[in-house]
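A short write-up of the structure that comes next.
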Amino acid sequence: MSPKQVLKYMPETPDPKGWARYQKKLIAPLYLCFMMLLSINTSGQNIVTLKQAINDGLMNRKNISAGKLDVTIRKLQTQSLYRKYWPQVSIEYSYLYNPILQTSILPIGIFNPAYAPDATKSIQFGTKWSQSAGVTATQPLLDLSIQRQINEAKLQERITALSQEQTEYELAYTIAQTYIDIYLQDSKIKAEIADTNRTYISYTLLKNKFEEKRLLKSDLNKSKVNHNNAVQQLMDGLSQMIEDKVYLLFLTGVSDIEKYDFEIDTIFLINYPQIKTENSTAFDQLPEMQELELQSQLTAVQARSEKAKHIPTVSFKGFIGADQYTNTFNPVEANSWFGLSYIGLNAKFPILIGENQHNKLLELKAQSSQYNLQKEDKTAQYIKDVFTANLRIENIKMQLKTLEENLSLSIETIGIFQARVIEGQESASTLNSEEANLQIQEAEYENNKKQLWVQRLNYLKASGQLSMLWK
């Protein structure tokens with residue numbers, strides 16, 4: 001709302017000269033607040049819709065972009081697990097110097113009758129220098145643990161995606177709250193402008209009475225206090241409007257917070273009560289609920305992966321290479337290399353793996369029960385939230401209807417009192433009291449309007465229908 005728009009809502013006063021003096025003396029603080037709005041170009045205000053604000057937030061906020069990268073990382077991790085089915089090939093090479101050769105005891109009596117049958121002799125095997133080079137290839141044929149890991153990674157990927165959806169859901173809710181706060185603040189400012197003007201009229205009437213020696217100074221002071229309060233509330237409202245708009249810019253990822261000169265789509269918000277919402281609820285479709293369900297499924301997959309640690313694995317393995325043996329340092333000595341190769345199946349049957357598998361399975365079972373209980377508790381909470389939101393919406397609607405009638409009657413009464421004060425038929429204290437009571441009623445009315453929108457958002461959020469605001 002620009003200063004010109006603010007002044008547009010100022011109604012005419014019965015004392016143009018007094019109003020001019022009032023502009024110079026009493027509304028000066030307001031113009032300081034208006035200057036904050038004049039610091040931007042008020043002629044080119046653009047309208048930001050609620051759908052646009054939410055989509056901008058989902059697209060521009062850095063924490064949302066960071067969360068999407070988490071999902072990408074999870075997908076890459078899942079894809080990398082499939083490589084475990086591919087052949088594993090490695091090249092091995094070693095060059096060794098053996099200062100002390102291995103010694104073995106041979107039963108020479110068995111090989112040579114010239115020696116006693118139990119005769120033995122120590123013999124050193126090998127050479128001072130040796131090197132080995134070769135290629136080993138392994139192809140997994142049966143390894144159920146790989147598929148278990150892939151299934152687990154896929155679930156982790158979906159859980160991360162749902163966590164991201166929940167973050168986006170909460171951001172959309174916060175943006176909608178702030179957007180509606182701006183709408184309500186705009187409406188409140190219009191009422192505060194009328195309130196400021198009305199209290200000034202009452203103050204002017206009583207000031208004239210005081211100058212005519214027909215009014216106590218205490219009554220005039222009370223009228224001035226009422227007017228000052230109205231002026232301060234208007235200044236606070238304008239400041240709060242700017243603060244809410246800056247916060248909305250932050251939520252939508254706009255880095256230049258000086259661009260708070262925009263208008264909101266009040267037509268959508270005015271017509272919102274006519275928008276049809278589904279009476280049914282979709283708790284299971286909420287990202288938070290789906291995440292708990294997948295967390296429970298994940299524990300079951302992890303239990304199967306734990307059991308798979310004892311399942312035999314079978315692989316095809318082959319090697320081709322050569323060894324060299326020399327007593328001098330000569331890596332290319334002729335006739336010193338000897339080839340080696342083999343091809344075969346490699347089977348592995350784990351028996352003891354150094355873990356307490358029984359306790360691990362009990363732990364996973366307890367976690368599964370924990371997630372299921374959390375889901376049941378969340379479901380009960382959402383059912384309660386939907387019921388409570390509906391109950392409060394209907395109650396606040398009735399309160400607003402009553403308050404609207406009371407405000408209309410109070411404003412009419414103040415007008416009557418103002419006329420009666422001029423005619424000397426009513427006391428100034430009564431007028432001051434009515435002005436103060438009206439300000440209390442207006443504050444209560446604005447608070448109820450805000451609470452109505454809060455409960456509407458709570459209903460949409462709890463029933464899983466919040467996305468209707470931007471999709």
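By convention here, the chains of the structure tokens are called A, B, ... in the order presented, each chain's residues are numbered starting at 1, and ligands are numbered starting at 1 in the order presented.
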- Query: Near region 311-317 of chain A, counting only C-alpha atoms, which residues have an atom at most 8 Å away, once you skip same-chain residues fewer than 3 positions from it, shown as a list in words?
  - Reply: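 So, after excluding close chain neighbours, the residues are Thr136, Ala137, Thr138, Gln139, Pro140, Leu141, Leu142, Asp143, Leu144, Lys307, Ala308, Ile343, Gly344, Leu345, Asn346, Ala347, Lys348, Phe349 and Pro350 of chain A.
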* Write out as a PyMOL selection string which residues come within 9 Å of Glu435 (chain A) when counting only C-alpha atoms, dropping same-chain ones fewer than 6 positions away. => chain A and resi 198-199+202+223+226-227+410-411+414
Limited to C-alpha atoms, could you put the picked residues into a file as a PDB file, in the first residue's frame?
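The result, written out as part11.pdb:
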ATOM      1  CA  ARG A 198     -12.529   9.321  13.616  1.00  0.00           C
ATOM      2  CA  THR A 199     -10.523   9.816  16.811  1.00  0.00           C
ATOM      3  CA  SER A 202     -13.622  13.475  18.415  1.00  0.00           C
ATOM      4  CA  SER A 223      -9.403  12.022  23.847  1.00  0.00           C
ATOM      5  CA  ASN A 226      -7.237   7.686  22.172  1.00  0.00           C
ATOM      6  CA  HIS A 227      -6.112   9.533  19.071  1.00  0.00           C
ATOM      7  CA  SER A 410     -20.308   1.169  18.007  1.00  0.00           C
ATOM      8  CA  ILE A 411     -19.253   3.371  15.080  1.00  0.00           C
ATOM      9  CA  ILE A 414     -19.791   7.279  18.387  1.00  0.00           C
TER      10      ILE A 414
END
**Asked** Residues at most 9 Å from Ser163 (chain A), counting only C-alpha atoms, excluding those fewer than 6 positions away in the same chain, as a ChimeraX atom specification?
**Response** /A:67,287-288,291
Requested write-out: C-alpha atoms of the selected residues, as a compact mmCIF listing (two decimals), in the first residue's frame:
# COMPACT_ATOMS: atom_id res chain seq x y z
CA GLY A 67 17.55 -30.86 -0.61
CA PRO A 287 4.88 -36.83 2.67
CA GLU A 288 5.48 -37.22 6.41
CA GLU A 291 8.11 -41.37 4.91
For this session: Excluding Ala161 (chain A) and residues on its chain fewer than 2 positions from it, collect all residues at most 12 Å away from it, counting only C-alpha atoms, and give them as a list of chain:residue names.
Result: A:Ile64, A:Gly67, A:Lys68, A:Leu69, A:Asp70, A:Val71, A:Thr72, A:Ile73, A:Arg74, A:Lys75, A:Lys154, A:Leu155, A:Gln156, A:Glu157, A:Arg158, A:Ile159, A:Ser163, A:Gln164, A:Glu165, A:Gln166, A:Thr167, A:Glu168, A:Pro287, A:Glu288, A:Gln290, A:Glu291, A:Leu294
Who sits within 8 Å of Phe262 (chain A), only C-alpha atoms, same chain under 3 positions skipped, as number ranges by chain
A: 45-48, 259
Selected residues written out with N, CA and C atoms, as a PDB file, in the first residue's frame:
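The file below, result.pdb, is the result:
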ATOM      1  N   GLN A  45       3.806  -0.870  -9.270  1.00  0.00           N
ATOM      2  CA  GLN A  45       3.631  -2.026  -8.404  1.00  0.00           C
ATOM      3  C   GLN A  45       3.099  -3.208  -9.202  1.00  0.00           C
ATOM      4  N   ASN A  46       3.664  -4.377  -8.957  1.00  0.00           N
ATOM      5  CA  ASN A  46       3.193  -5.577  -9.626  1.00  0.00           C
ATOM      6  C   ASN A  46       2.433  -6.430  -8.624  1.00  0.00           C
ATOM      7  N   ILE A  47       1.532  -7.226  -9.148  1.00  0.00           N
ATOM      8  CA  ILE A  47       0.703  -8.099  -8.305  1.00  0.00           C
ATOM      9  C   ILE A  47       1.339  -9.477  -8.253  1.00  0.00           C
ATOM     10  N   VAL A  48       1.571  -9.972  -7.047  1.00  0.00           N
ATOM     11  CA  VAL A  48       2.122 -11.313  -6.829  1.00  0.00           C
ATOM     12  C   VAL A  48       1.015 -12.205  -6.322  1.00  0.00           C
ATOM     13  N   LYS A 259      12.894  -4.707  -2.932  1.00  0.00           N
ATOM     14  CA  LYS A 259      11.793  -4.785  -3.904  1.00  0.00           C
ATOM     15  C   LYS A 259      10.489  -5.202  -3.219  1.00  0.00           C
TER      16      LYS A 259
END
Mind giving me the straight-line distance from CA of Gly134 (chain A) to CA of Phe319 (chain A) in Å, one decimal?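 Distance between the two atoms: 6.9 Å.
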#### Entry: 8 Å contact set for Pro107 (chain A), only C-alpha atoms, chain neighbours under 2 positions out, as a list in words
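Everything that qualifies: Ile105, Gly109, Ile110, Phe111, Asp118, Ala119, Thr120 and Lys121 of chain A.
Ranking A:Lys188, A:Lys384, A:Lys378, A:Lys471 by their shortest atom-to-atom distance to Met289 (chain A), with only C-alpha atoms included, puts A:Lys378 first.
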So which residues of region 95-197 of chain A fall under alpha helix (DSSP H) by DSSP, listed as JSON, numbers by chain?
{"A": [108, 109, 110, 111, 144, 145, 146, 147, 148, 149, 150, 151, 152, 153, 154, 155, 156, 157, 158, 159, 160, 161, 162, 163, 164, 165, 166, 167, 168, 169, 170, 171, 172, 173, 174, 175, 176, 177, 178, 179, 180, 181, 182, 183, 184, 185, 186, 187, 188, 189, 190, 191, 192, 193, 194, 195, 196, 197]}
